[in-house]
Each structure stands twice: as C-alpha cells, then as structure tokens.
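Printed here is protein-v7.cif (mmCIF, C-alpha atoms and all ligand atoms):
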data_structure
loop_
_atom_site.group_PDB
_atom_site.id
_atom_site.type_symbol
_atom_site.label_atom_id
_atom_site.label_comp_id
_atom_site.auth_asym_id
_atom_site.auth_seq_id
_atom_site.Cartn_x
_atom_site.Cartn_y
_atom_site.Cartn_z
ATOM 1 C CA MET A 13 -30.112 -14.261 -55.058
ATOM 2 C CA ASN A 14 -30.768 -10.539 -54.999
ATOM 3 C CA GLU A 15 -27.213 -9.827 -53.940
ATOM 4 C CA ASN A 16 -26.016 -12.029 -56.743
ATOM 5 C CA ILE A 17 -28.043 -10.138 -59.331
ATOM 6 C CA LYS A 18 -26.682 -6.857 -58.113
ATOM 7 C CA ASN A 19 -23.073 -7.999 -58.194
ATOM 8 C CA ARG A 20 -23.282 -9.293 -61.696
ATOM 9 C CA THR A 21 -25.086 -6.213 -62.828
ATOM 10 C CA LEU A 22 -22.390 -4.009 -61.427
ATOM 11 C CA HIS A 23 -19.267 -5.910 -62.340
ATOM 12 C CA GLY A 24 -20.055 -7.951 -65.411
ATOM 13 C CA ASP A 25 -19.374 -7.227 -69.024
ATOM 14 C CA PHE A 26 -21.765 -7.638 -71.884
ATOM 15 C CA HIS A 27 -20.727 -9.700 -74.862
ATOM 16 C CA LEU A 28 -21.557 -8.436 -78.304
ATOM 17 C CA LEU A 29 -21.792 -11.552 -80.424
ATOM 18 C CA ALA A 30 -21.693 -9.466 -83.613
ATOM 19 C CA PHE A 31 -21.150 -11.748 -86.605
ATOM 20 C CA SER A 32 -19.307 -14.484 -84.745
ATOM 21 C CA SER A 33 -21.333 -17.128 -86.554
ATOM 22 C CA TYR A 34 -19.577 -16.026 -89.747
ATOM 23 C CA GLU A 35 -16.095 -16.769 -88.436
ATOM 24 C CA GLU A 36 -14.799 -17.883 -91.876
ATOM 25 C CA VAL A 37 -15.369 -14.484 -93.443
ATOM 26 C CA ARG A 38 -13.974 -12.467 -90.539
ATOM 27 C CA PHE A 39 -11.373 -10.543 -92.541
ATOM 28 C CA LEU A 40 -13.739 -9.903 -95.393
ATOM 29 C CA LEU A 41 -16.233 -8.495 -92.906
ATOM 30 C CA PHE A 42 -13.606 -6.351 -91.242
ATOM 31 C CA THR A 43 -12.417 -4.965 -94.566
ATOM 32 C CA GLY A 44 -15.971 -4.281 -95.666
ATOM 33 C CA VAL A 45 -16.875 -2.388 -92.501
ATOM 34 C CA LEU A 46 -13.582 -0.479 -92.539
ATOM 35 C CA LEU A 47 -14.138 0.601 -96.142
ATOM 36 C CA MET A 48 -17.702 1.707 -95.436
ATOM 37 C CA TYR A 49 -16.563 3.573 -92.343
ATOM 38 C CA VAL A 50 -13.759 5.450 -94.109
ATOM 39 C CA LEU A 51 -15.984 6.301 -97.080
ATOM 40 C CA THR A 52 -18.788 7.532 -94.843
ATOM 41 C CA VAL A 53 -16.547 9.739 -92.730
ATOM 42 C CA LEU A 54 -14.688 11.135 -95.771
ATOM 43 C CA ALA A 55 -17.852 11.965 -97.691
ATOM 44 C CA ASN A 56 -19.537 13.576 -94.712
ATOM 45 C CA VAL A 57 -16.477 15.601 -93.702
ATOM 46 C CA THR A 58 -16.191 16.818 -97.307
ATOM 47 C CA ILE A 59 -19.748 18.107 -97.233
ATOM 48 C CA PHE A 60 -19.300 19.730 -93.872
ATOM 49 C CA VAL A 61 -16.119 21.526 -94.949
ATOM 50 C CA LEU A 62 -17.520 22.603 -98.337
ATOM 51 C CA VAL A 63 -20.652 24.084 -96.804
ATOM 52 C CA CYS A 64 -18.603 25.966 -94.219
ATOM 53 C CA LEU A 65 -16.188 27.338 -96.843
ATOM 54 C CA GLU A 66 -18.716 28.328 -99.494
ATOM 55 C CA SER A 67 -20.701 31.353 -98.434
ATOM 56 C CA HIS A 68 -23.325 30.866 -101.169
ATOM 57 C CA MET A 69 -24.074 27.491 -99.604
ATOM 58 C CA HIS A 70 -25.171 29.094 -96.380
ATOM 59 C CA THR A 71 -28.817 28.292 -97.021
ATOM 60 C CA PRO A 72 -31.301 26.227 -94.974
ATOM 61 C CA MET A 73 -30.927 23.192 -97.216
ATOM 62 C CA TYR A 74 -27.155 23.055 -96.770
ATOM 63 C CA PHE A 75 -27.374 23.771 -93.068
ATOM 64 C CA PHE A 76 -29.632 20.762 -92.688
ATOM 65 C CA LEU A 77 -27.237 18.705 -94.806
ATOM 66 C CA CYS A 78 -24.452 19.781 -92.469
ATOM 67 C CA ASN A 79 -26.502 18.674 -89.496
ATOM 68 C CA LEU A 80 -27.135 15.358 -91.204
ATOM 69 C CA SER A 81 -23.406 14.939 -91.905
ATOM 70 C CA VAL A 82 -22.447 15.609 -88.304
ATOM 71 C CA GLN A 83 -25.116 13.185 -87.192
ATOM 72 C CA ASP A 84 -23.914 10.508 -89.633
ATOM 73 C CA ILE A 85 -20.287 10.810 -88.526
ATOM 74 C CA LEU A 86 -21.330 10.456 -84.891
ATOM 75 C CA TYR A 87 -23.610 7.552 -85.782
ATOM 76 C CA VAL A 88 -21.014 5.456 -87.612
ATOM 77 C CA SER A 89 -18.241 6.297 -85.162
ATOM 78 C CA ALA A 90 -20.351 5.165 -82.224
ATOM 79 C CA THR A 91 -21.298 1.898 -83.865
ATOM 80 C CA GLN A 92 -18.778 0.732 -86.445
ATOM 81 C CA THR A 93 -15.540 1.279 -84.521
ATOM 82 C CA LYS A 94 -16.525 -1.276 -81.887
ATOM 83 C CA LEU A 95 -17.773 -3.662 -84.559
ATOM 84 C CA MET A 96 -14.399 -3.458 -86.322
ATOM 85 C CA ALA A 97 -12.548 -4.069 -83.055
ATOM 86 C CA ILE A 98 -14.685 -7.121 -82.326
ATOM 87 C CA THR A 99 -14.292 -8.607 -85.804
ATOM 88 C CA ILE A 100 -10.530 -8.193 -85.894
ATOM 89 C CA THR A 101 -9.674 -9.226 -82.322
ATOM 90 C CA GLY A 102 -12.465 -11.703 -81.706
ATOM 91 C CA ASN A 103 -12.866 -10.207 -78.230
ATOM 92 C CA THR A 104 -16.583 -9.673 -77.801
ATOM 93 C CA SER A 105 -16.696 -8.159 -74.333
ATOM 94 C CA ILE A 106 -17.907 -4.622 -73.765
ATOM 95 C CA SER A 107 -18.232 -3.015 -70.340
ATOM 96 C CA PHE A 108 -21.616 -1.853 -69.054
ATOM 97 C CA PRO A 109 -20.735 1.859 -69.248
ATOM 98 C CA ALA A 110 -19.345 1.476 -72.773
ATOM 99 C CA CYS A 111 -22.411 -0.472 -73.846
ATOM 100 C CA PHE A 112 -24.831 2.059 -72.407
ATOM 101 C CA SER A 113 -22.884 4.961 -73.901
ATOM 102 C CA GLN A 114 -23.056 3.288 -77.281
ATOM 103 C CA MET A 115 -26.764 2.706 -76.865
ATOM 104 C CA PHE A 116 -27.265 6.332 -75.851
ATOM 105 C CA LEU A 117 -25.382 7.740 -78.852
ATOM 106 C CA PHE A 118 -26.939 5.299 -81.262
ATOM 107 C CA THR A 119 -30.475 6.124 -80.102
ATOM 108 C CA VAL A 120 -29.804 9.889 -80.216
ATOM 109 C CA CYS A 121 -28.649 9.578 -83.816
ATOM 110 C CA LEU A 122 -31.471 7.288 -84.855
ATOM 111 C CA THR A 123 -34.165 9.608 -83.492
ATOM 112 C CA THR A 124 -32.450 12.755 -84.745
ATOM 113 C CA GLU A 125 -32.067 11.339 -88.249
ATOM 114 C CA PHE A 126 -35.823 10.805 -88.514
ATOM 115 C CA LEU A 127 -36.466 14.413 -87.519
ATOM 116 C CA LEU A 128 -33.726 15.875 -89.716
ATOM 117 C CA LEU A 129 -34.938 13.953 -92.756
ATOM 118 C CA THR A 130 -38.434 15.293 -92.074
ATOM 119 C CA SER A 131 -37.143 18.871 -91.799
ATOM 120 C CA MET A 132 -35.251 18.440 -95.055
ATOM 121 C CA ALA A 133 -38.286 17.087 -96.857
ATOM 122 C CA TYR A 134 -40.319 20.041 -95.570
ATOM 123 C CA ASP A 135 -37.605 22.453 -96.720
ATOM 124 C CA ARG A 136 -37.672 20.953 -100.225
ATOM 125 C CA TYR A 137 -41.464 21.005 -100.245
ATOM 126 C CA VAL A 138 -41.519 24.742 -99.479
ATOM 127 C CA ALA A 139 -38.720 25.455 -101.978
ATOM 128 C CA ILE A 140 -40.372 23.601 -104.861
ATOM 129 C CA CYS A 141 -44.092 23.934 -104.225
ATOM 130 C CA ILE A 142 -44.392 27.422 -102.707
ATOM 131 C CA PRO A 143 -41.130 29.091 -103.841
ATOM 132 C CA LEU A 144 -42.486 32.612 -103.451
ATOM 133 C CA HIS A 145 -42.923 32.107 -99.727
ATOM 134 C CA TYR A 146 -39.639 30.293 -99.221
ATOM 135 C CA SER A 147 -37.616 33.085 -97.654
ATOM 136 C CA LEU A 148 -40.587 34.013 -95.484
ATOM 137 C CA ILE A 149 -41.188 30.487 -94.165
ATOM 138 C CA MET A 150 -37.665 29.077 -93.888
ATOM 139 C CA ARG A 151 -36.263 31.980 -91.908
ATOM 140 C CA LYS A 152 -33.001 31.533 -90.066
ATOM 141 C CA ASN A 153 -34.612 31.186 -86.661
ATOM 142 C CA VAL A 154 -37.190 28.694 -87.962
ATOM 143 C CA CYS A 155 -34.396 26.467 -89.260
ATOM 144 C CA ALA A 156 -32.447 26.838 -86.058
ATOM 145 C CA LEU A 157 -35.575 25.852 -84.144
ATOM 146 C CA LEU A 158 -36.186 22.788 -86.347
ATOM 147 C CA SER A 159 -32.630 21.602 -85.914
ATOM 148 C CA ALA A 160 -32.574 22.343 -82.163
ATOM 149 C CA VAL A 161 -35.816 20.406 -81.695
ATOM 150 C CA SER A 162 -34.439 17.463 -83.683
ATOM 151 C CA TRP A 163 -31.281 17.227 -81.599
ATOM 152 C CA SER A 164 -32.804 17.886 -78.193
ATOM 153 C CA PHE A 165 -35.708 15.537 -78.737
ATOM 154 C CA GLY A 166 -33.228 12.865 -79.857
ATOM 155 C CA ALA A 167 -31.064 13.407 -76.792
ATOM 156 C CA LEU A 168 -33.911 13.483 -74.263
ATOM 157 C CA ASN A 169 -35.624 10.473 -75.750
ATOM 158 C CA SER A 170 -32.403 8.508 -75.688
ATOM 159 C CA LEU A 171 -31.582 9.631 -72.155
ATOM 160 C CA MET A 172 -34.955 8.353 -70.993
ATOM 161 C CA TYR A 173 -34.332 4.877 -72.420
ATOM 162 C CA THR A 174 -30.762 4.781 -71.135
ATOM 163 C CA LEU A 175 -31.942 5.588 -67.612
ATOM 164 C CA LEU A 176 -34.776 3.055 -67.822
ATOM 165 C CA LEU A 177 -32.457 0.312 -69.042
ATOM 166 C CA SER A 178 -29.642 1.039 -66.622
ATOM 167 C CA ASN A 179 -32.004 0.152 -63.764
ATOM 168 C CA LEU A 180 -32.596 -3.359 -65.067
ATOM 169 C CA SER A 181 -30.829 -6.492 -63.821
ATOM 170 C CA PHE A 182 -29.139 -8.815 -66.231
ATOM 171 C CA CYS A 183 -28.981 -12.093 -64.399
ATOM 172 C CA ASN A 184 -29.381 -14.758 -67.051
ATOM 173 C CA SER A 185 -27.274 -14.040 -70.025
ATOM 174 C CA GLN A 186 -25.085 -11.133 -70.912
ATOM 175 C CA GLU A 187 -24.674 -12.127 -74.529
ATOM 176 C CA ILE A 188 -26.138 -9.554 -76.860
ATOM 177 C CA ASN A 189 -26.973 -11.132 -80.166
ATOM 178 C CA HIS A 190 -26.286 -8.001 -82.195
ATOM 179 C CA PHE A 191 -23.274 -6.044 -83.435
ATOM 180 C CA ILE A 192 -24.136 -2.956 -81.409
ATOM 181 C CA CYS A 193 -25.694 -2.295 -78.025
ATOM 182 C CA GLU A 194 -29.185 -1.282 -79.012
ATOM 183 C CA LEU A 195 -32.400 -1.033 -77.045
ATOM 184 C CA LYS A 196 -34.217 -4.187 -77.934
ATOM 185 C CA SER A 197 -31.359 -6.651 -77.848
ATOM 186 C CA ILE A 198 -30.333 -5.420 -74.392
ATOM 187 C CA LEU A 199 -33.921 -5.376 -73.143
ATOM 188 C CA ILE A 200 -34.599 -9.013 -73.896
ATOM 189 C CA LEU A 201 -31.668 -10.012 -71.660
ATOM 190 C CA ALA A 202 -33.165 -8.370 -68.565
ATOM 191 C CA CYS A 203 -34.815 -10.529 -65.946
ATOM 192 C CA ASN A 204 -37.185 -7.745 -64.899
ATOM 193 C CA ASP A 205 -40.602 -7.248 -66.395
ATOM 194 C CA ILE A 206 -39.912 -5.421 -69.644
ATOM 195 C CA LYS A 207 -43.452 -5.256 -70.980
ATOM 196 C CA GLY A 208 -43.831 -1.557 -70.120
ATOM 197 C CA ILE A 209 -40.652 -0.496 -71.892
ATOM 198 C CA MET A 210 -41.458 -2.702 -74.893
ATOM 199 C CA ASN A 211 -44.855 -1.038 -75.193
ATOM 200 C CA LEU A 212 -43.240 2.390 -74.939
ATOM 201 C CA ILE A 213 -40.832 1.554 -77.765
ATOM 202 C CA PHE A 214 -43.684 0.254 -79.866
ATOM 203 C CA LEU A 215 -45.866 3.279 -79.189
ATOM 204 C CA GLU A 216 -43.053 5.690 -79.957
ATOM 205 C CA GLY A 217 -42.107 3.808 -83.095
ATOM 206 C CA VAL A 218 -45.663 4.061 -84.320
ATOM 207 C CA LEU A 219 -46.167 7.694 -83.330
ATOM 208 C CA LEU A 220 -42.823 9.269 -84.130
ATOM 209 C CA GLY A 221 -41.648 6.909 -86.839
ATOM 210 C CA LEU A 222 -44.818 6.538 -88.831
ATOM 211 C CA ILE A 223 -45.823 10.195 -88.496
ATOM 212 C CA THR A 224 -42.456 11.474 -89.719
ATOM 213 C CA PHE A 225 -42.421 8.853 -92.463
ATOM 214 C CA VAL A 226 -45.887 9.829 -93.645
ATOM 215 C CA LEU A 227 -44.994 13.552 -93.520
ATOM 216 C CA ILE A 228 -41.903 12.924 -95.636
ATOM 217 C CA VAL A 229 -43.819 10.876 -98.174
ATOM 218 C CA ILE A 230 -46.579 13.505 -98.411
ATOM 219 C CA SER A 231 -43.978 16.256 -98.956
ATOM 220 C CA TYR A 232 -42.425 14.308 -101.802
ATOM 221 C CA MET A 233 -45.819 13.552 -103.314
ATOM 222 C CA TYR A 234 -46.502 17.288 -103.501
ATOM 223 C CA ILE A 235 -43.012 17.825 -104.900
ATOM 224 C CA ILE A 236 -43.496 15.164 -107.561
ATOM 225 C CA SER A 237 -46.850 16.559 -108.591
ATOM 226 C CA SER A 238 -45.354 20.011 -109.091
ATOM 227 C CA ILE A 239 -42.418 18.504 -110.980
ATOM 228 C CA LEU A 240 -44.905 16.965 -113.399
ATOM 229 C CA LYS A 241 -45.975 20.498 -114.286
ATOM 230 C CA ILE A 242 -42.461 21.430 -115.471
ATOM 231 C CA ASN A 243 -42.547 21.981 -119.229
ATOM 232 C CA THR A 244 -39.173 20.726 -120.422
ATOM 233 C CA SER A 245 -38.693 17.008 -120.187
ATOM 234 C CA ALA A 246 -34.992 17.410 -119.330
ATOM 235 C CA GLY A 247 -35.849 19.548 -116.311
ATOM 236 C CA ARG A 248 -38.518 17.082 -115.293
ATOM 237 C CA LEU A 249 -36.129 14.174 -115.519
ATOM 238 C CA LYS A 250 -33.492 15.903 -113.430
ATOM 239 C CA ALA A 251 -35.881 16.894 -110.658
ATOM 240 C CA PHE A 252 -37.424 13.458 -110.738
ATOM 241 C CA SER A 253 -34.149 11.613 -110.394
ATOM 242 C CA SER A 254 -33.074 13.596 -107.330
ATOM 243 C CA CYS A 255 -36.498 13.147 -105.793
ATOM 244 C CA SER A 256 -36.545 9.420 -106.324
ATOM 245 C CA SER A 257 -33.114 8.975 -104.775
ATOM 246 C CA HIS A 258 -34.186 10.952 -101.703
ATOM 247 C CA LEU A 259 -37.259 8.790 -101.406
ATOM 248 C CA THR A 260 -35.209 5.616 -101.770
ATOM 249 C CA ILE A 261 -33.037 6.647 -98.824
ATOM 250 C CA VAL A 262 -36.068 7.527 -96.725
ATOM 251 C CA VAL A 263 -37.798 4.240 -97.451
ATOM 252 C CA LEU A 264 -34.609 2.277 -96.810
ATOM 253 C CA PHE A 265 -33.892 4.040 -93.530
ATOM 254 C CA CYS A 266 -37.403 4.357 -92.133
ATOM 255 C CA GLY A 267 -38.498 0.999 -93.483
ATOM 256 C CA THR A 268 -35.727 -1.060 -91.932
ATOM 257 C CA SER A 269 -35.385 0.770 -88.613
ATOM 258 C CA LEU A 270 -39.121 1.116 -88.030
ATOM 259 C CA GLY A 271 -39.746 -2.439 -89.132
ATOM 260 C CA ILE A 272 -37.295 -3.738 -86.580
ATOM 261 C CA TYR A 273 -38.501 -1.544 -83.706
ATOM 262 C CA ILE A 274 -42.205 -2.017 -84.217
ATOM 263 C CA LYS A 275 -42.249 -5.721 -84.793
ATOM 264 C CA PRO A 276 -42.418 -7.986 -81.725
ATOM 265 C CA VAL A 277 -39.234 -9.673 -80.540
ATOM 266 C CA SER A 278 -38.716 -13.240 -81.552
ATOM 267 C CA GLU A 279 -35.615 -15.311 -81.010
ATOM 268 C CA HIS A 280 -35.858 -16.949 -84.389
ATOM 269 C CA SER A 281 -35.478 -13.813 -86.444
ATOM 270 C CA GLU A 282 -32.490 -12.345 -84.608
ATOM 271 C CA GLU A 283 -29.986 -13.385 -87.273
ATOM 272 C CA GLN A 284 -31.980 -11.817 -90.104
ATOM 273 C CA GLU A 285 -32.609 -8.691 -88.051
ATOM 274 C CA LYS A 286 -28.896 -8.325 -87.468
ATOM 275 C CA LEU A 287 -28.172 -8.393 -91.188
ATOM 276 C CA LEU A 288 -31.080 -6.085 -91.935
ATOM 277 C CA SER A 289 -29.823 -3.634 -89.293
ATOM 278 C CA LEU A 290 -26.641 -3.204 -91.320
ATOM 279 C CA LEU A 291 -28.787 -1.329 -93.833
ATOM 280 C CA TYR A 292 -29.712 1.501 -91.510
ATOM 281 C CA VAL A 293 -26.574 1.414 -89.367
ATOM 282 C CA ALA A 294 -23.970 1.320 -92.136
ATOM 283 C CA VAL A 295 -25.422 1.629 -95.622
ATOM 284 C CA VAL A 296 -27.742 4.621 -95.171
ATOM 285 C CA PRO A 297 -25.137 6.939 -93.536
ATOM 286 C CA MET A 298 -22.802 6.070 -96.412
ATOM 287 C CA LEU A 299 -25.414 6.800 -99.075
ATOM 288 C CA ASN A 300 -26.785 9.983 -97.460
ATOM 289 C CA PRO A 301 -23.967 12.293 -98.618
ATOM 290 C CA LEU A 302 -23.998 10.761 -102.105
ATOM 291 C CA VAL A 303 -27.726 11.009 -102.551
ATOM 292 C CA TYR A 304 -28.310 14.371 -100.912
ATOM 293 C CA SER A 305 -25.186 16.309 -101.809
ATOM 294 C CA LEU A 306 -22.437 14.902 -103.947
ATOM 295 C CA ARG A 307 -24.774 14.525 -106.919
ATOM 296 C CA ASN A 308 -25.843 18.106 -106.468
ATOM 297 C CA ASN A 309 -24.525 20.723 -108.925
ATOM 298 C CA ASP A 310 -23.547 23.372 -106.364
ATOM 299 C CA VAL A 311 -21.568 20.848 -104.383
ATOM 300 C CA GLN A 312 -19.829 19.500 -107.478
ATOM 301 C CA LYS A 313 -18.910 23.008 -108.605
ATOM 302 C CA ALA A 314 -17.537 23.900 -105.194
ATOM 303 C CA MET A 315 -15.552 20.680 -105.093
ATOM 304 C CA LYS A 316 -14.034 21.300 -108.535
ATOM 305 C CA LYS A 317 -13.138 24.823 -107.493
ATOM 306 C CA TYR A 318 -11.209 23.652 -104.433
ATOM 307 C CA LEU A 319 -9.523 20.770 -106.230
ATOM 308 C CA LYS A 320 -8.289 23.147 -108.963
ATOM 309 C CA TYR A 321 -7.170 25.660 -106.396
ATOM 310 C CA LYS A 322 -4.860 23.074 -104.918
HETATM 311 C C1 LIG A 401 -27.668 22.789 -88.095
HETATM 312 O O1 LIG A 401 -28.715 23.560 -88.652
HETATM 313 C C2 LIG A 401 -28.936 24.819 -88.072
HETATM 314 C C3 LIG A 401 -30.164 25.441 -88.662
HETATM 315 O O2 LIG A 401 -30.174 25.421 -90.056
HETATM 316 C C4 LIG A 401 -27.676 25.673 -88.268
HETATM 317 O O3 LIG A 401 -27.861 26.936 -87.683
HETATM 318 C C5 LIG A 401 -26.491 24.969 -87.638
HETATM 319 O O4 LIG A 401 -25.306 25.688 -87.894
HETATM 320 C C6 LIG A 401 -26.356 23.558 -88.177
HETATM 321 N N1 LIG A 401 -25.320 22.873 -87.419
HETATM 322 C C7 LIG A 401 -24.372 22.134 -87.969
HETATM 323 C C8 LIG A 401 -23.382 21.538 -87.061
HETATM 324 O O5 LIG A 401 -24.326 21.933 -89.151
#
Mind turning this structure into structure tokens?
Amino acid sequence: MNENIKNRTLHGDFHLLAFSSYEEVRFLLFTGVLLMYVLTVLANVTIFVLVCLESHMHTPMYFFLCNLSVQDILYVSATQTKLMAITITGNTSISFPACFSQMFLFTVCLTTEFLLLTSMAYDRYVAICIPLHYSLIMRKNVCALLSAVSWSFGALNSLMYTLLLSNLSFCNSQEINHFICELKSILILACNDIKGIMNLIFLEGVLLGLITFVLIVISYMYIISSILKINTSAGRLKAFSSCSSHLTIVVLFCGTSLGIYIKPVSEHSEEQEKLLSLLYVAVVPMLNPLVYSLRNNDVQKAMKKYLKYK
C-alpha cells in the first residue's frame, strides 16, 4: 500500500477539471480568457514601458504601479495560459512539477499583491493627508524596502506551502476541481492529515489578509476625509472618483480571495468557488492598470505624447 502511494505520487499526473462541466461553451470560454489575457498583458506592458520612458514618472507611486504590473503579468501568465490550453484541447492533465510550479507562482503573486496594494494605499495616504512630509517619508530606500519586503515575503510564504504540499501523498483522486493548481484544491486531495496546513492557511488569511485589508481601508478613509475638505466641488469629485475605483478593486480582490481562503472547505460549493475565483485570478489583474493608471492624467499625457511621436 505504501509503495503504491509512493509510485502514484511520483509518476502520476494531476487533472485540472477547469470548466469541463461547461463543455457546450468551450470556445466562448476560450475566446473570453484569451481576450482577457491579451488585454491584461498589453495594458500592463504599456504602463511598465511608459513609466520607464518618462523620467517625471520616476516617483514612488509609479514605481509601485510598475511592481504591480510586473506582478499582474506574471500572475495571469502563470494561470491563464494553462487554462486556455485545457479549454481548447480538452486535455486536462498537468504533471506534478508543472502543477507545483503553477501553485508556487500563483501563491507568490497572490501574497505580493496584498502587500503591494497596501504599500500603494499608504503612499497615497501620505501624499494626500500629510503632503508636506511626503518626500521625507517616502524616500527611495523606504520604497525599495517596502517593495523588497512584499516580494520576498510572497516568495518565502509560497515556498513554505509548496514544500509542505510536495510532501503529501495523493492516493485517492488526482482530479483537481479548479482551473488552476491552488493550495486548497490540491490539499483536499491528499490522504495525509491536512488539518495543520488548513489551520495555517486560515490563520495566515486572517492575520495577513485582514490586517492588510483593514490598513488599506483605513488609509482610504483618511484620504476621503481630507478630500471632503477640498473647496472646489470639481476637485472633490475627481479625487473621489479615483478613490472609489481604487477601493472597488481592493474590495473585489481582497473580498473574493480572502473569502475563499478563510472559509472552510466544502464539496458542495466548489463550483461556485471556481467561478468566484475568476474574479481575482482574471478580472482584477485586467482592471488594475485601468483603475490605477490608464485613467490617470500623467499616464494619458505620456501615452498621447508617444502616439503622436510615432
Ligand atoms: C518596484 O519598486 C521599487 C521601489 O519603489 C523600485 O525601486 C523598483 O524599480 C520597482 N521594480 C519594478 C520591476 O517595477
């Protein structure tokens, strides 16, 4: 029995069921994911290139946006390419190394995005609420530290889970009822005792997720209250609209991903969870560049400049 477990663990493939229960709309699904993927990559590459080219955009805010763009490109490339391949070919198998690599990258990006969004909210808080201290607080090395912490914490955290999960045996089923290899849907297939890891995920979700979420919301509350003190109603409206779109993204991203990771696993809700996951796996990375940058005046000006130049 033990030998058997080991063999299957070493040589088997996982199967990502993805959206195989929606066989009739396979091409529609493929086209949809392809469109979202292309749009996301294009928008994020545009931001990255613009910020690099424009020297007056070499400020903390745009550096963080650049980080977010790089993270989003990595995030969608790690997840949506395999999903597209599965939908178009119908071949659901994915090797163990590929599956664990995907899980590693996906978890790095997920954790890093939380921390980057928090850094960005803090940056905006300092810029709007205590503008006189901005250049003193958001010094170059402070920003570099914030971004280095975000990335290295994301990587270490993900490495820990990948190592923990790669020691498990998958002896019953190797069918992952999800469109990506992610922590929880792999965990529930293991025949080992997974209580410890489940508790760790829950604890981390509560600590890291809720704390960053609350910090972001508090930052924006301060921002909104200082916006209300602006005298002209046009200025107020403009600041308000950018603030509310940032908050929408944060609530959408944190709400869906945290909701799914904190709530206990149940077999009955897997289908809904899969659809809900599309929000933070595909929709948020696509909206990020639109909400944070492309609606921004500096970015629009820079874009016009380069389009004319051509
Ligand atoms: C990420 O942000 C840091 C700090 O602002 C910056 O130094 C770095 O160049 C950024 N990296 C990328 C890839 O945008």
Running the PyMOL selection byres (((not hetatm)) within 10 of (chain A and resi 401)) on this model by hand, what would come out? Give it as a PyMOL selection string.
chain A and resi 60+63-64+70-83+128+131-132+150-160+162-163
Find the residues around Leu290 of chain A up to 12 Å (all atoms listed in the file counted), leave out those fewer than 2 positions away in its own chain, and share them as a PyMOL selection string.
chain A and resi 30-31+41+44-45+48+88+91-92+95+190-192+264-265+268-269+272+283-288+292-298
Could those selected residues go to a file with C-alpha atoms, as a PDB file, in the coordinates of the input?
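Dumped everything to selection.pdb:
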ATOM      1  CA  ALA A  30     -21.693  -9.466 -83.613  1.00  0.00           C
ATOM      2  CA  PHE A  31     -21.150 -11.748 -86.605  1.00  0.00           C
ATOM      3  CA  LEU A  41     -16.233  -8.495 -92.906  1.00  0.00           C
ATOM      4  CA  GLY A  44     -15.971  -4.281 -95.666  1.00  0.00           C
ATOM      5  CA  VAL A  45     -16.875  -2.388 -92.501  1.00  0.00           C
ATOM      6  CA  MET A  48     -17.702   1.707 -95.436  1.00  0.00           C
ATOM      7  CA  VAL A  88     -21.014   5.456 -87.612  1.00  0.00           C
ATOM      8  CA  THR A  91     -21.298   1.898 -83.865  1.00  0.00           C
ATOM      9  CA  GLN A  92     -18.778   0.732 -86.445  1.00  0.00           C
ATOM     10  CA  LEU A  95     -17.773  -3.662 -84.559  1.00  0.00           C
ATOM     11  CA  HIS A 190     -26.286  -8.001 -82.195  1.00  0.00           C
ATOM     12  CA  PHE A 191     -23.274  -6.044 -83.435  1.00  0.00           C
ATOM     13  CA  ILE A 192     -24.136  -2.956 -81.409  1.00  0.00           C
ATOM     14  CA  LEU A 264     -34.609   2.277 -96.810  1.00  0.00           C
ATOM     15  CA  PHE A 265     -33.892   4.040 -93.530  1.00  0.00           C
ATOM     16  CA  THR A 268     -35.727  -1.060 -91.932  1.00  0.00           C
ATOM     17  CA  SER A 269     -35.385   0.770 -88.613  1.00  0.00           C
ATOM     18  CA  ILE A 272     -37.295  -3.738 -86.580  1.00  0.00           C
ATOM     19  CA  GLU A 283     -29.986 -13.385 -87.273  1.00  0.00           C
ATOM     20  CA  GLN A 284     -31.980 -11.817 -90.104  1.00  0.00           C
ATOM     21  CA  GLU A 285     -32.609  -8.691 -88.051  1.00  0.00           C
ATOM     22  CA  LYS A 286     -28.896  -8.325 -87.468  1.00  0.00           C
ATOM     23  CA  LEU A 287     -28.172  -8.393 -91.188  1.00  0.00           C
ATOM     24  CA  LEU A 288     -31.080  -6.085 -91.935  1.00  0.00           C
ATOM     25  CA  TYR A 292     -29.712   1.501 -91.510  1.00  0.00           C
ATOM     26  CA  VAL A 293     -26.574   1.414 -89.367  1.00  0.00           C
ATOM     27  CA  ALA A 294     -23.970   1.320 -92.136  1.00  0.00           C
ATOM     28  CA  VAL A 295     -25.422   1.629 -95.622  1.00  0.00           C
ATOM     29  CA  VAL A 296     -27.742   4.621 -95.171  1.00  0.00           C
ATOM     30  CA  PRO A 297     -25.137   6.939 -93.536  1.00  0.00           C
ATOM     31  CA  MET A 298     -22.802   6.070 -96.412  1.00  0.00           C
TER      32      MET A 298
END
Go through the shown structure with the PyMOL selection byres (((chain A and resi 234-241) around 10) and not hetatm) and write out the matching residues as a PyMOL selection string.
chain A and resi 133-134+136-142+229-233+242-245+247-252+255-256
Here's the selection I'm unsure about, the PyMOL selection byres (((chain A and resi 32) around 10) and not hetatm); applied to the file above, which residues does it give, as JSON, numbers by chain?
{"A": [28, 29, 30, 31, 33, 34, 35, 36, 37, 38, 98, 99, 102, 104, 189, 190, 191]}
Point out the residue among A:Phe126, A:Tyr173, A:Tyr304, A:Tyr146 with the least atom-to-atom distance to Gly221 of chain A, counting all atoms listed in the file.
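Closest residue, counting all atoms listed in the file: A:Phe126.
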Have a look at atom CA of Ile106 of chain A and atom CA of Phe26 of chain A and let me know their distance in Å, one decimal.
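Here the two named atoms are 5.2 Å from each other.
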Missing atoms in segment 148-154 of chain A: can you complete it with N, CA, C and O atoms, as a short mmCIF file (atom, residue, chain, number, x, y, z; two decimals), in the frame of the given file?
data_model
loop_
_atom_site.label_atom_id
_atom_site.label_comp_id
_atom_site.auth_asym_id
_atom_site.auth_seq_id
_atom_site.Cartn_x
_atom_site.Cartn_y
_atom_site.Cartn_z
N LEU A 148 -39.74 33.60 -96.60
CA LEU A 148 -40.59 34.01 -95.48
C LEU A 148 -40.76 32.85 -94.49
O LEU A 148 -40.73 33.04 -93.28
N ILE A 149 -40.92 31.64 -95.04
CA ILE A 149 -41.19 30.49 -94.16
C ILE A 149 -39.90 29.93 -93.56
O ILE A 149 -39.82 29.71 -92.35
N MET A 150 -38.89 29.69 -94.40
CA MET A 150 -37.66 29.08 -93.89
C MET A 150 -36.69 30.17 -93.42
O MET A 150 -35.58 30.28 -93.90
N ARG A 151 -37.16 30.96 -92.45
CA ARG A 151 -36.26 31.98 -91.91
C ARG A 151 -35.19 31.31 -91.07
O ARG A 151 -35.30 30.15 -90.69
N LYS A 152 -34.14 32.08 -90.79
CA LYS A 152 -33.00 31.53 -90.07
C LYS A 152 -33.41 30.94 -88.72
O LYS A 152 -33.02 29.83 -88.36
N ASN A 153 -34.27 31.69 -88.00
CA ASN A 153 -34.61 31.19 -86.66
C ASN A 153 -35.55 29.99 -86.73
O ASN A 153 -35.54 29.13 -85.84
N VAL A 154 -36.34 29.88 -87.80
CA VAL A 154 -37.19 28.69 -87.96
C VAL A 154 -36.32 27.45 -88.16
O VAL A 154 -36.54 26.41 -87.55
#
